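So this block is my_file.pdb, PDB, C-alpha atoms:
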```
ATOM      1  CA  GLY A   1       0.000   0.000   0.000  1.00  0.00           C
ATOM      2  CA  CYS A   2       0.966   3.576   0.594  1.00  0.00           C
ATOM      3  CA  SER A   3       2.606   3.072   3.958  1.00  0.00           C
ATOM      4  CA  THR A   4       5.902   4.824   4.570  1.00  0.00           C
ATOM      5  CA  PRO A   5       8.861   3.883   6.745  1.00  0.00           C
ATOM      6  CA  TYR A   6       7.633   6.500   9.256  1.00  0.00           C
ATOM      7  CA  SER A   7       4.110   5.064   9.473  1.00  0.00           C
ATOM      8  CA  ARG A   8       5.508   1.531   9.864  1.00  0.00           C
ATOM      9  CA  ILE A   9       7.966   2.697  12.547  1.00  0.00           C
ATOM     10  CA  GLU A  10       5.112   4.393  14.423  1.00  0.00           C
ATOM     11  CA  LYS A  11       3.115   1.137  14.459  1.00  0.00           C
ATOM     12  CA  ASN A  12       6.176  -0.870  15.592  1.00  0.00           C
ATOM     13  CA  SER A  13       7.939   1.679  17.785  1.00  0.00           C
ATOM     14  CA  ALA A  14       9.073  -0.804  20.464  1.00  0.00           C
ATOM     15  CA  ALA A  15      10.839  -3.043  17.943  1.00  0.00           C
ATOM     16  CA  PHE A  16      12.329  -0.025  16.143  1.00  0.00           C
ATOM     17  CA  ALA A  17      13.631   1.445  19.425  1.00  0.00           C
ATOM     18  CA  SER A  18      15.501  -1.810  20.136  1.00  0.00           C
ATOM     19  CA  TYR A  19      17.651  -1.513  16.977  1.00  0.00           C
ATOM     20  CA  PRO A  20      21.109   0.120  16.910  1.00  0.00           C
ATOM     21  CA  PRO A  21      21.184   3.750  15.665  1.00  0.00           C
ATOM     22  CA  ALA A  22      22.813   2.785  12.324  1.00  0.00           C
ATOM     23  CA  VAL A  23      19.973   0.335  11.611  1.00  0.00           C
ATOM     24  CA  GLN A  24      17.358   2.922  12.601  1.00  0.00           C
ATOM     25  CA  THR A  25      18.903   5.416  10.150  1.00  0.00           C
ATOM     26  CA  LYS A  26      18.737   2.878   7.289  1.00  0.00           C
ATOM     27  CA  ILE A  27      15.123   1.946   8.077  1.00  0.00           C
ATOM     28  CA  ARG A  28      14.069   5.620   8.201  1.00  0.00           C
ATOM     29  CA  ALA A  29      15.646   6.071   4.744  1.00  0.00           C
ATOM     30  CA  GLY A  30      13.777   3.034   3.383  1.00  0.00           C
ATOM     31  CA  GLU A  31      17.023   1.107   2.892  1.00  0.00           C
ATOM     32  CA  VAL A  32      18.023  -2.446   3.777  1.00  0.00           C
ATOM     33  CA  GLU A  33      21.347  -4.221   4.061  1.00  0.00           C
ATOM     34  CA  VAL A  34      22.729  -7.725   4.414  1.00  0.00           C
ATOM     35  CA  GLY A  35      22.228  -8.979   7.976  1.00  0.00           C
ATOM     36  CA  PHE A  36      18.854  -7.275   8.490  1.00  0.00           C
ATOM     37  CA  THR A  37      16.066  -9.420   9.940  1.00  0.00           C
ATOM     38  CA  ALA A  38      12.755  -9.930   8.153  1.00  0.00           C
ATOM     39  CA  GLU A  39      11.170  -7.513  10.642  1.00  0.00           C
ATOM     40  CA  MET A  40      13.737  -4.800   9.796  1.00  0.00           C
ATOM     41  CA  VAL A  41      13.101  -5.258   6.061  1.00  0.00           C
ATOM     42  CA  THR A  42       9.348  -4.962   6.593  1.00  0.00           C
ATOM     43  CA  LEU A  43       9.821  -1.734   8.554  1.00  0.00           C
ATOM     44  CA  ALA A  44      12.083  -0.258   5.853  1.00  0.00           C
ATOM     45  CA  LEU A  45      10.305  -1.432   2.682  1.00  0.00           C
ATOM     46  CA  GLY A  46       6.875  -2.647   3.772  1.00  0.00           C
ATOM     47  CA  LYS A  47       5.335  -5.981   2.859  1.00  0.00           C
ATOM     48  CA  PRO A  48       6.755  -7.480  -0.340  1.00  0.00           C
ATOM     49  CA  ASP A  49       4.653  -7.491  -3.500  1.00  0.00           C
ATOM     50  CA  ARG A  50       5.395 -11.199  -3.804  1.00  0.00           C
ATOM     51  CA  VAL A  51       7.418 -13.887  -2.064  1.00  0.00           C
ATOM     52  CA  VAL A  52       9.181 -16.720  -3.888  1.00  0.00           C
ATOM     53  CA  ARG A  53      10.619 -19.677  -1.983  1.00  0.00           C
ATOM     54  CA  ARG A  54      13.787 -21.090  -3.501  1.00  0.00           C
ATOM     55  CA  GLN A  55      15.230 -24.514  -2.590  1.00  0.00           C
ATOM     56  CA  THR A  56      18.977 -24.925  -3.207  1.00  0.00           C
ATOM     57  CA  ALA A  57      21.739 -27.266  -2.081  1.00  0.00           C
ATOM     58  CA  GLU A  58      22.455 -24.763   0.725  1.00  0.00           C
ATOM     59  CA  GLY A  59      18.846 -24.881   1.951  1.00  0.00           C
ATOM     60  CA  GLU A  60      15.707 -22.832   1.514  1.00  0.00           C
ATOM     61  CA  THR A  61      15.713 -19.107   0.869  1.00  0.00           C
ATOM     62  CA  GLU A  62      12.908 -16.608   0.413  1.00  0.00           C
ATOM     63  CA  VAL A  63      13.023 -13.908  -2.233  1.00  0.00           C
ATOM     64  CA  TRP A  64      10.970 -10.847  -1.325  1.00  0.00           C
ATOM     65  CA  ALA A  65      10.167  -8.918  -4.495  1.00  0.00           C
ATOM     66  CA  TYR A  66       9.268  -5.233  -4.417  1.00  0.00           C
ATOM     67  CA  ALA A  67       7.761  -3.867  -7.642  1.00  0.00           C
ATOM     68  CA  ASP A  68       8.757  -0.589  -9.246  1.00  0.00           C
ATOM     69  CA  LYS A  69       5.766   1.627  -8.519  1.00  0.00           C
ATOM     70  CA  SER A  70       7.246   4.963  -9.555  1.00  0.00           C
ATOM     71  CA  PRO A  71       4.834   7.082 -11.585  1.00  0.00           C
ATOM     72  CA  THR A  72       5.174   7.300 -15.353  1.00  0.00           C
ATOM     73  CA  ILE A  73       3.852   9.956 -17.715  1.00  0.00           C
ATOM     74  CA  GLY A  74       2.954   9.451 -21.363  1.00  0.00           C
ATOM     75  CA  PHE A  75       1.999  11.966 -24.057  1.00  0.00           C
ATOM     76  CA  GLY A  76       0.082  11.508 -27.267  1.00  0.00           C
ATOM     77  CA  PHE A  77      -0.810  13.723 -30.225  1.00  0.00           C
ATOM     78  CA  GLY A  78      -3.146  13.068 -33.098  1.00  0.00           C
ATOM     79  CA  VAL A  79      -4.467  14.843 -36.176  1.00  0.00           C
ATOM     80  CA  GLY A  80      -7.374  13.669 -38.244  1.00  0.00           C
ATOM     81  CA  GLY A  81      -9.380  14.900 -41.185  1.00  0.00           C
ATOM     82  CA  GLY A  82     -12.251  13.960 -43.411  1.00  0.00           C
ATOM     83  CA  GLY A  83     -14.083  15.845 -46.140  1.00  0.00           C
ATOM     84  CA  SER A  84     -14.173  19.507 -45.292  1.00  0.00           C
ATOM     85  CA  HIS A  85     -13.463  18.938 -41.584  1.00  0.00           C
ATOM     86  CA  SER A  86     -10.172  18.513 -39.808  1.00  0.00           C
ATOM     87  CA  GLY A  87      -9.252  18.291 -36.170  1.00  0.00           C
ATOM     88  CA  GLY A  88      -6.458  17.633 -33.771  1.00  0.00           C
ATOM     89  CA  GLY A  89      -6.010  16.614 -30.212  1.00  0.00           C
ATOM     90  CA  MET A  90      -3.514  16.038 -27.474  1.00  0.00           C
ATOM     91  CA  ALA A  91      -3.626  13.743 -24.493  1.00  0.00           C
ATOM     92  CA  MET A  92      -1.590  13.156 -21.394  1.00  0.00           C
ATOM     93  CA  ALA A  93      -1.824  10.097 -19.208  1.00  0.00           C
ATOM     94  CA  THR A  94      -0.198   9.263 -15.908  1.00  0.00           C
ATOM     95  CA  SER A  95       0.252   5.860 -14.389  1.00  0.00           C
ATOM     96  CA  THR A  96       1.303   4.751 -10.947  1.00  0.00           C
ATOM     97  CA  GLY A  97       3.409   1.859 -12.022  1.00  0.00           C
ATOM     98  CA  GLY A  98       1.995  -0.663 -14.375  1.00  0.00           C
ATOM     99  CA  ASP A  99       3.991  -3.844 -14.738  1.00  0.00           C
ATOM    100  CA  ARG A 100       7.465  -2.346 -14.954  1.00  0.00           C
ATOM    101  CA  GLY A 101       9.257  -5.151 -13.228  1.00  0.00           C
ATOM    102  CA  ASP A 102      10.770  -5.429  -9.805  1.00  0.00           C
ATOM    103  CA  ARG A 103      12.777  -2.652  -8.221  1.00  0.00           C
ATOM    104  CA  VAL A 104      14.494  -4.835  -5.638  1.00  0.00           C
ATOM    105  CA  HIS A 105      14.738  -8.458  -4.507  1.00  0.00           C
ATOM    106  CA  VAL A 106      15.662  -9.128  -0.890  1.00  0.00           C
ATOM    107  CA  ILE A 107      16.945 -12.665  -0.325  1.00  0.00           C
ATOM    108  CA  LEU A 108      16.456 -14.080   3.168  1.00  0.00           C
ATOM    109  CA  LYS A 109      17.725 -17.305   4.681  1.00  0.00           C
ATOM    110  CA  ALA A 110      16.570 -18.332   8.178  1.00  0.00           C
ATOM    111  CA  GLY A 111      14.939 -14.911   8.585  1.00  0.00           C
ATOM    112  CA  LYS A 112      18.068 -12.855   7.784  1.00  0.00           C
ATOM    113  CA  VAL A 113      18.994 -10.936   4.627  1.00  0.00           C
ATOM    114  CA  THR A 114      21.816 -12.724   2.790  1.00  0.00           C
ATOM    115  CA  ALA A 115      21.685 -10.750  -0.488  1.00  0.00           C
ATOM    116  CA  ILE A 116      20.010  -7.767  -2.136  1.00  0.00           C
ATOM    117  CA  GLU A 117      19.446  -7.516  -5.890  1.00  0.00           C
ATOM    118  CA  ARG A 118      18.547  -4.127  -7.399  1.00  0.00           C
ATOM    119  CA  SER A 119      17.251  -3.518 -10.915  1.00  0.00           C
ATOM    120  CA  GLU A 120      19.045  -1.041 -13.120  1.00  0.00           C
ATOM    121  CA  ARG A 121      16.321   1.093 -14.733  1.00  0.00           C
TER
END
```

Would you give me this structure, written as structure tokens?
Amino acid sequence: GCSTPYSRIEKNSAAFASYPPAVQTKIRAGEVEVGFTAEMVTLALGKPDRVVRRQTAEGETEVWAYADKSPTIGFGFGVGGGGSHSGGGMAMATSTGGDRGDRVHVILKAGKVTAIERSER
């Protein structure tokens, strides 16, 4: 949804207060790093858009995928005519993130972040 790190911190203030200052700073900025717990990731980024469980030789991991929801703007222009009539028009459309792929994948093993994958867009 539209929750922010600040609104999530407010709802989970006791847990947030128990973290070291460096972790609190990252969470406030909406950032995660290797070693974070699942709870820390949820405070920083919110609930993932989807979760994929991956089984490997090293054991099971979870991939938390966060979609790119940044707004996009598109423009269009058209001209038409027929007989003795002609016309033109312009349009502008905005979108709050159609399917533009994932912004970040957070990989967790045993409840701790082991890797972070970011999309280059």

For this session: Go through the shown structure with the PyMOL selection byres ((chain A and resi 32-40) around 8) and write out the matching residues as an MDAnalysis selection string.
Result: chainID A and resid 26:27 30:31 41:45 108 111:116

Could you put an axis-aligned box around every listed atom of segment 44-52 of chain A, padded by 4 Å on each side, and send me its centre and edge lengths in Å to one decimal, as AutoDock Vina command-line options?
```
--center_x 8.4 --center_y -8.5 --center_z 1.0 --size_x 15.4 --size_y 24.5 --size_z 17.7
```

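Of note, atom CA of Asp102 of chain A and atom CA of Asp49 of chain A are spaced 9.0 Å apart.
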
Exercise. Nearest to Trp64 of chain A: which of A:Val104, A:Ala110, A:Ala29, A:Val23 is it, counting only C-alpha atoms?
Worked result: A:Val104

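Ranking A:Ala17, A:Ala22, A:Ser119, A:Lys47 by their shortest atom-to-atom distance to Thr4 of chain A, with only C-alpha atoms included, puts A:Lys47 first.
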
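Between atom CA of Pro21 of chain A and atom CA of Glu117 of chain A lies a distance of 24.4 Å.
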
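As for atom CA of Thr56 of chain A and atom CA of Arg118 of chain A, they are spaced 21.2 Å apart.
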
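Each of A:Thr25, A:Lys109, A:Ser13, A:Glu120 was checked against Glu58 of chain A using all atoms listed in the file; the smallest atom-to-atom distance is that of A:Lys109.
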
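For the set A:Asp68, A:Tyr6, A:Arg28, A:Lys11, the residue with the smallest atom-to-atom gap to His105 of chain A is A:Asp68, counting all atoms listed in the file.
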